[in-house]
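One file, final-v6.txt, is given below (compact mmCIF, C-alpha atoms).
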# COMPACT_ATOMS: atom_id res chain seq x y z
CA MET F 595 77.89 36.90 18.56
CA THR F 596 75.13 37.10 21.19
CA ARG F 597 72.69 39.97 20.69
CA ASN F 598 71.64 42.24 23.53
CA TYR F 599 68.02 42.13 24.68
CA LEU F 600 66.16 44.72 26.71
CA LEU F 601 63.08 43.26 28.37
CA ARG F 602 60.81 46.18 29.21
CA SER F 603 58.38 46.03 32.14
CA VAL F 604 58.66 42.29 32.77
CA SER F 605 57.63 40.68 36.05
CA PRO F 606 60.43 38.51 37.50
CA LEU F 607 58.85 35.59 39.38
CA GLY F 608 55.50 37.37 39.15
CA ASP F 609 56.70 40.29 41.29
CA GLU F 610 56.78 44.02 40.50
CA THR F 611 57.53 44.97 36.92
CA THR F 612 61.00 46.13 35.95
CA ASP F 613 63.39 46.33 33.00
CA VAL F 614 65.98 43.60 32.49
CA LEU F 615 69.00 43.85 30.18
CA LEU F 616 70.70 40.77 28.77
CA ALA F 617 74.20 41.35 27.40
CA ASP F 618 77.25 39.17 26.78
CA GLY F 619 75.40 36.07 27.94
CA VAL F 620 74.51 37.38 31.40
CA ILE F 621 71.92 39.52 33.12
CA ALA F 622 73.67 42.88 32.78
CA ALA F 623 71.22 45.18 34.54
CA ILE F 624 67.86 45.19 36.31
CA GLY F 625 65.76 48.26 37.02
CA PRO F 626 65.42 51.80 35.70
CA ASP F 627 69.07 51.98 34.58
CA ALA F 628 68.78 48.93 32.32
CA ALA F 629 67.55 50.94 29.33
CA ALA F 630 70.38 53.45 29.66
CA GLN F 631 72.96 50.67 29.61
CA ALA F 632 71.50 48.92 26.56
CA ALA F 633 73.49 48.99 23.33
CA PRO F 634 71.96 51.03 20.48
CA ASP F 635 71.21 47.85 18.54
CA ALA F 636 69.66 46.00 21.48
CA VAL F 637 66.47 44.09 20.69
CA ILE F 638 63.64 45.58 22.76
CA LEU F 639 60.85 43.31 23.96
CA ASP F 640 57.59 44.56 25.43
CA GLY F 641 57.25 42.49 28.59
CA ARG F 642 54.06 44.02 29.97
CA GLY F 643 51.95 41.27 31.50
CA LEU F 644 54.73 38.71 31.09
CA VAL F 645 56.43 36.66 33.83
CA LEU F 646 60.19 36.15 33.74
CA LEU F 647 61.47 32.85 35.15
CA PRO F 648 64.89 31.25 35.36
CA GLY F 649 65.26 28.80 32.46
CA LEU F 650 63.47 25.55 33.22
CA VAL F 651 65.46 22.39 33.96
CA ASP F 652 64.06 18.91 33.29
CA LEU F 653 65.53 16.07 35.32
CA HIS F 654 63.74 13.38 33.28
CA THR F 655 63.71 13.55 29.47
CA HIS F 656 63.85 10.74 26.92
CA LEU F 657 65.64 11.94 23.79
CA ARG F 658 65.80 8.43 22.22
CA GLU F 659 69.11 9.05 20.43
CA PRO F 660 71.08 6.88 19.83
CA GLY F 661 68.90 4.06 18.60
CA ARG F 662 65.36 5.37 18.14
CA GLU F 663 65.81 8.46 16.01
CA ASP F 664 62.47 7.64 14.36
CA ALA F 665 60.78 8.72 17.62
CA GLU F 666 63.06 11.60 18.65
CA THR F 667 66.58 12.96 18.21
CA VAL F 668 68.66 15.06 20.52
CA ARG F 669 68.15 17.97 18.15
CA SER F 670 64.35 17.64 17.88
CA GLY F 671 63.95 16.89 21.58
CA THR F 672 65.99 19.87 22.73
CA ARG F 673 64.17 22.10 20.24
CA ALA F 674 60.95 20.95 21.89
CA ALA F 675 62.55 21.67 25.27
CA ALA F 676 63.35 25.23 24.23
CA MET F 677 59.77 25.72 23.02
CA GLY F 678 58.62 24.61 26.46
CA GLY F 679 60.91 27.10 28.23
CA PHE F 680 63.65 24.62 29.17
CA THR F 681 67.31 25.57 28.98
CA ALA F 682 68.70 22.27 30.31
CA VAL F 683 67.48 18.68 30.19
CA HIS F 684 68.72 15.40 31.61
CA ALA F 685 68.65 12.69 28.93
CA MET F 686 67.63 9.29 30.29
CA ALA F 687 69.78 6.22 29.78
CA ASN F 688 67.42 3.80 27.98
CA THR F 689 68.89 4.37 24.54
CA THR F 690 70.42 1.84 22.12
CA PRO F 691 73.21 1.38 23.00
CA THR F 692 72.44 2.06 26.64
CA GLN F 693 74.08 5.06 28.26
CA ASP F 694 76.13 2.84 30.54
CA THR F 695 79.67 3.81 29.47
CA ALA F 696 81.67 7.02 29.31
CA GLY F 697 81.73 6.80 25.51
CA VAL F 698 77.96 6.75 25.07
CA VAL F 699 77.19 9.54 27.57
CA GLU F 700 79.86 11.71 25.94
CA GLN F 701 78.24 11.06 22.54
CA VAL F 702 74.85 12.26 23.83
CA TRP F 703 76.44 15.25 25.56
CA ARG F 704 78.19 16.30 22.34
CA LEU F 705 75.01 15.90 20.31
CA GLY F 706 73.30 18.28 22.71
CA ARG F 707 76.15 20.76 22.61
CA ASP F 708 76.16 20.77 18.81
CA ALA F 709 72.38 21.10 18.52
CA GLY F 710 72.46 24.26 20.63
CA TRP F 711 68.84 24.36 21.74
CA ALA F 712 69.36 23.41 25.39
CA ASP F 713 72.15 22.03 27.53
CA VAL F 714 72.01 18.23 27.68
CA ARG F 715 73.17 16.40 30.80
CA PRO F 716 73.12 12.65 30.16
CA VAL F 717 71.78 10.35 32.85
CA GLY F 718 73.97 7.29 33.27
CA ALA F 719 72.55 3.80 33.67
CA VAL F 720 72.86 2.28 37.13
CA THR F 721 73.43 -1.22 35.77
CA VAL F 722 74.93 -2.62 32.58
CA GLY F 723 72.28 -2.70 29.87
CA LEU F 724 69.61 -1.76 32.43
CA GLU F 725 69.58 -5.43 33.38
CA GLY F 726 69.74 -4.83 37.13
CA GLU F 727 72.64 -7.22 37.71
CA ARG F 728 76.05 -5.51 37.48
CA LEU F 729 76.84 -1.86 38.18
CA ALA F 730 77.66 0.18 35.10
CA GLU F 731 80.76 2.38 34.75
CA LEU F 732 79.46 4.93 37.27
CA GLY F 733 82.85 6.44 38.09
CA ALA F 734 83.97 6.64 34.48
CA MET F 735 80.74 8.38 33.47
CA ALA F 736 81.13 10.83 36.37
CA GLU F 737 84.69 11.66 35.27
CA SER F 738 83.81 11.92 31.55
CA ALA F 739 83.30 15.15 29.64
CA ALA F 740 79.57 14.72 30.33
CA GLN F 741 80.20 14.91 34.10
CA VAL F 742 77.27 12.61 34.89
CA ARG F 743 75.81 13.04 38.36
CA VAL F 744 72.39 11.40 37.96
CA PHE F 745 72.11 7.64 37.41
CA SER F 746 68.92 5.74 36.64
CA ASP F 747 67.68 2.54 35.03
CA ASP F 748 64.41 4.38 34.35
CA GLY F 749 62.01 2.19 32.45
CA LYS F 750 63.19 -0.58 34.73
CA CYS F 751 63.49 -0.73 38.49
CA VAL F 752 66.72 -1.57 40.27
CA SER F 753 64.78 -4.26 42.09
CA ASP F 754 67.68 -6.15 43.70
CA PRO F 755 68.26 -4.52 47.10
CA VAL F 756 71.94 -5.53 47.15
CA VAL F 757 72.60 -3.90 43.77
CA MET F 758 70.67 -0.80 44.87
CA ARG F 759 72.68 -0.56 48.08
CA ARG F 760 75.97 -0.84 46.19
CA ALA F 761 74.90 1.85 43.74
CA LEU F 762 73.92 4.22 46.55
CA GLU F 763 77.27 3.62 48.22
CA TYR F 764 79.28 4.05 45.02
CA VAL F 765 77.90 7.43 43.95
CA LYS F 766 78.72 9.01 47.31
CA ALA F 767 82.34 9.36 46.12
CA PHE F 768 81.42 12.00 43.51
CA ASP F 769 78.20 13.46 44.97
CA GLY F 770 76.00 11.52 42.60
CA VAL F 771 72.37 10.53 43.02
CA ILE F 772 70.46 7.36 42.14
CA ALA F 773 67.11 8.14 40.52
CA GLN F 774 64.87 5.11 41.03
CA HIS F 775 62.01 3.97 38.84
CA ALA F 776 59.96 2.54 41.71
CA GLN F 777 58.19 -0.54 40.38
CA GLU F 778 58.29 -3.92 42.05
CA PRO F 779 58.43 -6.19 38.98
CA ARG F 780 56.74 -9.22 40.52
CA LEU F 781 53.71 -7.12 41.46
CA THR F 782 53.36 -5.60 37.99
CA GLU F 783 53.84 -8.52 35.59
CA GLY F 784 51.63 -7.88 32.57
CA ALA F 785 50.19 -4.71 34.12
CA GLN F 786 48.42 -2.37 31.71
CA MET F 787 47.00 0.41 33.91
CA HIS F 788 46.32 1.39 37.52
CA GLU F 789 44.79 -1.41 39.57
CA GLY F 790 41.38 -0.27 40.75
CA VAL F 791 37.74 0.07 39.82
CA VAL F 792 38.41 1.14 36.22
CA SER F 793 40.88 -1.67 35.47
CA ALA F 794 38.40 -4.21 36.85
CA GLU F 795 35.59 -2.85 34.70
CA LEU F 796 37.77 -2.78 31.57
CA GLY F 797 39.34 -6.18 32.17
CA LEU F 798 42.90 -4.83 32.01
CA ALA F 799 45.66 -6.16 34.26
CA GLY F 800 46.25 -3.76 37.13
CA TRP F 801 49.41 -1.99 38.34
CA PRO F 802 48.83 -1.67 42.11
CA ALA F 803 49.92 1.39 44.04
CA VAL F 804 51.80 -0.81 46.51
CA ALA F 805 54.21 -1.85 43.75
CA GLU F 806 55.50 1.72 43.73
CA GLU F 807 55.23 2.35 47.45
CA ALA F 808 57.08 -0.82 48.49
CA ILE F 809 60.18 0.10 46.47
CA ILE F 810 60.18 3.68 47.72
CA ALA F 811 59.90 2.51 51.33
CA ARG F 812 62.77 0.07 50.86
CA ASP F 813 64.99 2.59 49.11
CA VAL F 814 64.59 5.46 51.56
CA LEU F 815 65.68 3.06 54.30
CA LEU F 816 68.66 1.96 52.20
CA ALA F 817 69.58 5.59 51.55
CA GLU F 818 69.40 6.31 55.27
CA HIS F 819 71.51 3.24 56.05
CA VAL F 820 74.35 4.16 53.69
CA GLY F 821 74.02 7.95 54.00
CA SER F 822 73.51 8.57 50.31
CA ARG F 823 71.26 10.63 48.05
CA LEU F 824 68.13 9.07 46.57
CA HIS F 825 65.79 10.57 44.01
CA VAL F 826 62.37 9.04 43.31
CA CYS F 827 61.23 9.29 39.70
CA HIS F 828 57.63 10.07 38.65
CA LEU F 829 55.94 9.51 42.02
CA SER F 830 52.25 8.87 41.40
CA THR F 831 50.32 7.66 44.47
CA ALA F 832 48.98 9.15 47.68
CA GLY F 833 50.82 6.48 49.65
CA SER F 834 54.12 7.41 48.00
CA VAL F 835 53.64 11.03 49.05
CA GLU F 836 53.20 9.91 52.66
CA ILE F 837 56.34 7.75 52.55
CA ILE F 838 58.43 10.64 51.20
CA ARG F 839 56.94 12.96 53.84
CA TRP F 840 57.88 10.45 56.56
CA ALA F 841 61.40 9.97 55.16
CA LYS F 842 62.06 13.70 55.09
CA SER F 843 60.83 14.03 58.67
CA ARG F 844 63.59 11.56 59.60
CA GLY F 845 66.21 13.65 57.79
CA ILE F 846 66.77 11.10 55.01
CA ASP F 847 68.39 12.67 51.93
CA VAL F 848 65.59 11.89 49.48
CA THR F 849 64.01 14.00 46.75
CA ALA F 850 61.03 13.20 44.55
CA GLU F 851 59.44 14.30 41.30
CA VAL F 852 55.94 14.29 39.87
CA THR F 853 55.07 14.52 36.17
CA PRO F 854 52.64 17.02 34.66
CA HIS F 855 50.33 14.21 33.54
CA HIS F 856 50.09 12.82 37.06
CA LEU F 857 49.15 16.32 38.26
CA MET F 858 46.18 16.53 35.90
CA LEU F 859 44.99 13.21 34.44
CA THR F 860 43.33 10.13 35.98
CA ASP F 861 42.77 6.49 35.11
CA GLU F 862 39.23 7.34 34.01
CA LEU F 863 40.77 8.31 30.65
CA ALA F 864 41.58 4.66 29.97
CA ARG F 865 37.89 3.93 29.45
CA GLY F 866 38.22 4.80 25.77
CA TYR F 867 41.13 2.37 25.32
CA ASP F 868 43.16 5.18 23.68
CA PRO F 869 46.83 4.14 24.06
CA VAL F 870 47.94 7.76 24.31
CA PHE F 871 46.90 7.47 27.96
CA LYS F 872 49.04 4.37 28.58
CA VAL F 873 52.02 5.36 30.70
CA ASN F 874 54.34 3.96 33.37
CA PRO F 875 53.66 4.54 36.19
CA PRO F 876 50.01 4.58 35.15
CA LEU F 877 47.54 7.38 35.55
CA ARG F 878 46.04 6.98 39.02
CA THR F 879 42.81 8.03 40.73
CA GLN F 880 41.51 11.52 41.50
CA ARG F 881 42.48 10.92 45.13
CA ASP F 882 46.08 10.34 44.04
CA VAL F 883 46.02 13.44 41.85
CA GLU F 884 44.90 15.55 44.80
CA ALA F 885 47.59 14.00 47.01
CA VAL F 886 50.45 14.72 44.60
CA ARG F 887 49.21 18.28 44.10
CA GLU F 888 49.20 18.75 47.87
CA GLY F 889 52.64 17.15 48.14
CA LEU F 890 54.06 19.46 45.49
CA ALA F 891 52.51 22.51 47.11
CA ASP F 892 53.85 21.76 50.59
CA GLY F 893 57.35 20.79 49.40
CA THR F 894 57.14 17.06 50.07
CA ILE F 895 57.58 16.55 46.32
CA ASP F 896 60.58 18.62 45.25
CA ILE F 897 60.18 19.04 41.52
CA VAL F 898 58.10 18.58 38.40
CA ALA F 899 59.86 16.50 35.72
CA THR F 900 58.30 15.80 32.34
CA ASP F 901 59.22 12.13 31.71
CA HIS F 902 58.95 13.24 28.06
CA ALA F 903 58.61 9.87 26.29
CA PRO F 904 58.14 10.25 22.53
CA HIS F 905 57.00 7.26 20.48
CA THR F 906 56.36 6.64 16.80
CA ARG F 907 52.81 6.38 15.51
CA GLU F 908 53.32 2.66 15.01
CA ASP F 909 54.14 2.19 18.70
CA LYS F 910 51.03 4.07 19.85
CA ASP F 911 48.47 3.74 17.06
CA CYS F 912 47.53 0.17 17.91
CA GLU F 913 45.51 -1.80 20.45
CA TRP F 914 46.06 -0.90 24.10
CA GLY F 915 47.87 -4.12 25.07
CA ALA F 916 50.47 -3.80 22.29
CA ALA F 917 51.08 -0.06 22.70
CA ALA F 918 54.21 1.41 24.24
CA PHE F 919 54.09 3.18 27.59
CA GLY F 920 54.75 6.92 27.57
CA MET F 921 53.67 10.46 26.74
CA THR F 922 55.33 13.60 25.40
CA GLY F 923 55.51 16.52 27.80
CA LEU F 924 58.26 19.09 27.23
CA GLU F 925 56.08 21.61 25.40
CA THR F 926 53.09 21.43 27.76
CA ALA F 927 54.72 21.02 31.19
CA LEU F 928 54.76 24.67 32.22
CA SER F 929 51.15 25.16 31.13
CA VAL F 930 49.98 22.14 33.12
CA VAL F 931 51.80 23.37 36.23
CA GLN F 932 50.24 26.81 35.80
CA GLU F 933 46.76 25.39 35.34
CA THR F 934 46.86 22.88 38.19
CA MET F 935 48.97 24.78 40.73
CA VAL F 936 49.14 28.52 39.99
CA ASP F 937 45.66 29.17 38.61
CA THR F 938 44.20 27.21 41.54
CA GLY F 939 46.09 29.30 44.10
CA ARG F 940 48.23 26.43 45.39
CA MET F 941 51.53 27.94 44.20
CA THR F 942 53.09 31.24 43.20
CA TRP F 943 55.37 31.89 40.24
CA ALA F 944 58.29 31.83 42.66
CA ASP F 945 57.21 28.31 43.60
CA VAL F 946 57.08 27.40 39.90
CA ALA F 947 60.67 28.59 39.52
CA ARG F 948 61.64 26.40 42.46
CA VAL F 949 60.02 23.17 41.23
CA LEU F 950 60.81 23.58 37.52
CA SER F 951 64.23 25.24 37.67
CA THR F 952 66.07 25.80 40.95
CA ALA F 953 65.44 22.44 42.62
CA PRO F 954 65.99 20.23 39.54
CA ALA F 955 69.23 22.09 38.82
CA ARG F 956 70.34 21.50 42.39
CA ILE F 957 69.42 17.81 42.38
CA GLY F 958 71.17 17.27 39.04
CA ARG F 959 74.17 19.38 40.09
CA VAL F 960 73.81 21.77 37.13
CA SER F 961 75.52 24.84 38.50
CA ASP F 962 74.79 27.40 35.77
CA HIS F 963 71.04 26.83 35.51
CA GLY F 964 68.27 27.47 37.99
CA ARG F 965 70.09 30.59 39.11
CA PRO F 966 68.51 33.71 40.67
CA ILE F 967 67.32 36.49 38.39
CA ALA F 968 70.09 38.86 39.42
CA VAL F 969 72.81 40.98 37.85
CA GLY F 970 75.81 38.92 36.77
CA GLU F 971 73.94 35.62 36.61
CA PRO F 972 73.88 33.56 33.37
CA ALA F 973 71.05 34.68 31.11
CA ASN F 974 69.27 31.31 31.05
CA LEU F 975 65.72 32.60 31.19
CA THR F 976 62.12 31.95 30.16
CA LEU F 977 59.52 34.60 29.40
CA VAL F 978 55.91 33.47 29.84
CA ASP F 979 52.53 34.97 29.01
CA PRO F 980 50.27 33.55 31.75
CA HIS F 981 47.12 35.22 30.44
CA VAL F 982 46.60 33.37 27.16
CA ARG F 983 45.04 29.97 26.61
CA ARG F 984 46.22 27.73 23.79
CA LEU F 985 44.91 24.62 22.11
CA VAL F 986 47.31 21.66 22.15
CA VAL F 987 47.89 20.37 18.62
CA PRO F 988 50.64 17.71 18.78
CA GLU F 989 51.32 17.90 15.03
CA ASP F 990 52.34 21.55 15.48
CA GLN F 991 54.88 20.78 18.20
CA ALA F 992 58.65 20.57 17.76
CA THR F 993 58.97 17.01 19.03
CA HIS F 994 59.08 14.28 16.39
CA SER F 995 56.24 12.37 18.07
CA VAL F 996 52.59 13.21 18.57
CA ASN F 997 51.67 11.08 21.61
CA SER F 998 50.55 13.99 23.77
CA PRO F 999 47.80 13.20 26.28
CA PHE F 1000 46.68 16.84 26.09
CA ARG F 1001 45.62 16.77 22.43
CA GLY F 1002 42.61 19.02 21.91
CA ARG F 1003 42.80 20.57 25.39
CA GLU F 1004 43.09 24.26 26.06
CA LEU F 1005 45.87 24.95 28.53
CA SER F 1006 46.92 28.07 30.38
CA GLY F 1007 49.97 30.12 29.44
CA CYS F 1008 52.47 30.20 26.63
CA VAL F 1009 56.25 30.52 26.43
CA ILE F 1010 57.03 33.75 24.58
CA ALA F 1011 60.83 33.60 24.67
CA THR F 1012 63.61 31.32 25.90
CA PHE F 1013 67.20 32.48 26.33
CA LEU F 1014 70.21 30.17 26.59
CA ARG F 1015 73.20 32.14 27.88
CA GLY F 1016 71.66 35.29 26.46
CA ARG F 1017 70.92 33.83 23.03
CA ALA F 1018 67.27 33.60 22.04
CA THR F 1019 66.27 30.05 21.15
CA VAL F 1020 62.57 30.98 21.13
CA MET F 1021 61.16 34.40 20.30
CA ASP F 1022 57.52 35.44 19.97
CA GLY F 1023 56.54 31.86 20.63
CA SER F 1024 58.49 30.48 17.66
CA ALA F 1025 61.81 28.65 17.47
CA CYS F 1026 64.72 30.83 16.41
CA ASP F 1027 66.26 28.37 13.96
CA GLU F 1028 68.56 30.97 12.48
CA SER F 1029 70.07 31.74 15.91
CA ILE F 1030 71.40 28.24 16.49
CA VAL F 1031 75.13 28.09 15.94
CA VAL F 1032 76.95 24.76 16.27
CA SER F 1033 79.56 24.88 19.02
CA SER F 1034 83.17 24.36 18.11

What would the structure in this file look like if it were written as structure tokens?
Amino acid sequence: MTRNYLLRSVSPLGDETTDVLLADGVIAAIGPDAAAQAAPDAVILDGRGLVLLPGLVDLHTHLREPGREDAETVRSGTRAAAMGGFTAVHAMANTTPTQDTAGVVEQVWRLGRDAGWADVRPVGAVTVGLEGERLAELGAMAESAAQVRVFSDDGKCVSDPVVMRRALEYVKAFDGVIAQHAQEPRLTEGAQMHEGVVSAELGLAGWPAVAEEAIIARDVLLAEHVGSRLHVCHLSTAGSVEIIRWAKSRGIDVTAEVTPHHLMLTDELARGYDPVFKVNPPLRTQRDVEAVREGLADGTIDIVATDHAPHTREDKDCEWGAAAFGMTGLETALSVVQETMVDTGRMTWADVARVLSTAPARIGRVSDHGRPIAVGEPANLTLVDPHVRRLVVPEDQATHSVNSPFRGRELSGCVIATFLRGRATVMDGSACDESIVVSS
């Protein structure tokens, strides 16, 4: 049975303080009458100085299960999500077997439901086996119990324009969206990091910005041609921001995401050859970082998505060339957004709710998340202390893997509590393991 919670003197979206009552899985009352309506056994939380946000929604999470449970499982990944303030995540398709059939996406969906830490919405593969040749069972995945609406070959680009066009046309029938990993493969063969001054000095093969920008330019024109929805994964360059800005000015139905690491980190970090900083798309220049921050602030970039990519120590604790691409991010995303966007005055907490909750829920068609903080709405909420600073220690995180690029950094803010349909999954900054009840 869900307990009742009375949040005293919290600040919804950073606005004026008020009391908020959570009861029976919904927001039952807001304002001075909330305390009077609380049950005698309601848990009372002192929310002074804390910001209340709608539960965060991640459109781009790698949970690794099935196939790479040594790096992450649905249970450990969603526990990490809850610790980061997320109440829903979209699980990417590059598992083993690939999430390219109704059976596999339903398996992942059920694993998430049974774990109970956060709602899991599987992302279906665009093509069979992520091979870029034949469309996967898009319709069957959409009609499955998982109700897939986002499709992506992330990790690989749908580089064939004919296949991409067919995919964009197909998903129109059920209001789906193709989320493209924009990487022209011929321009990035053997690439190890961003192509520029640093790659030249280090002697590492470069990943040019144009390899991303060329695919985005092609795909926004395809989306316009067929009248379909396109989502651009982990946009990373200044040129990509300009292409998205141009496409939106034409009325093309395109959305885009940026990762926390592309908001903060640059290719200068590769100078130490530490593979924790090896990621795809690669860390770019300071100019690119400034451009994506500006694009996020002015709405050109719609959301922040973590691209949480856990890896085993063996896959990262090796020489740069042999190391896997990817970084963890679920438990640090909100702090990075606060530090780069809120603390710098570029965004408000209402903007944070938009880019980390409302907009990703809308793009992914998750109707019961990213909702307003209002009476009667589902109590999917995150309570944040924006005033503290915390040291990132990957070994202390909930994720199985420790490949965080923020190791040893102090970051702003901390998630104090996370509520999934009124049930606390995180309380006082710690996971509520005893509160997790497996769904029937």

With all atoms listed in the file counted and 7 Å as the cut-off, give the residues of stretch 904-969 of chain F in contact with stretch 1005-1018 of chain F, each with its shortest interatomic distance in Å and the pair that gives it, as a tab-separated table.
residue	atom	partner	partner_atom	distance
F:Ser929	CA	F:Ser1006	CA	5.2
F:Val930	CA	F:Leu1005	CA	6.8
F:Gln932	CA	F:Ser1006	CA	6.5
F:Glu933	CA	F:Ser1006	CA	5.6

Suppose we keep C-alpha atoms; can you now write the selection as an mmCIF file, keeping the file's coordinate frame?
data_model
loop_
_atom_site.group_PDB
_atom_site.id
_atom_site.type_symbol
_atom_site.label_atom_id
_atom_site.label_comp_id
_atom_site.auth_asym_id
_atom_site.auth_seq_id
_atom_site.Cartn_x
_atom_site.Cartn_y
_atom_site.Cartn_z
ATOM 1 C CA SER F 929 51.150 25.160 31.130
ATOM 2 C CA VAL F 930 49.980 22.140 33.120
ATOM 3 C CA GLN F 932 50.240 26.810 35.800
ATOM 4 C CA GLU F 933 46.760 25.390 35.340
#

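Atom CA of F:Glu818 lies 22.5 Å from atom CA of F:Gly718.
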
Task: stretch 670-686 of chain F environment, 6 Å, all atoms listed in the file, sequence neighbours closer than 4 positions dropped, as a PyMOL selection string - done: chain F and resi 649-657+711-717+924-925+976+992-993+1012+1014

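With all atoms listed in the file as the basis for measurement, F:Ala761 is the residue among F:Ala891, F:Val987, F:Ala761, F:Ala917 that approaches F:Ser822 most closely.
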
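Atom pair atom CA of F:Leu705 / atom CA of F:Glu666: separated by 12.8 Å.
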
Open item on the list: When you count only C-alpha atoms, which of these residues is closest to F:Val645: F:Leu975, F:Leu724, F:Ala617, F:Ala805?
Closed with: F:Leu975

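Atom CA of F:Ile897 sits 14.7 Å away from atom CA of F:Lys842.
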
Task: Using all atoms listed in the file: which of F:Thr849, F:Gln786, F:Thr900, F:Ser738 has the shortest distance to F:Gln774 - done: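 Nearest to F:Gln774: F:Thr849.
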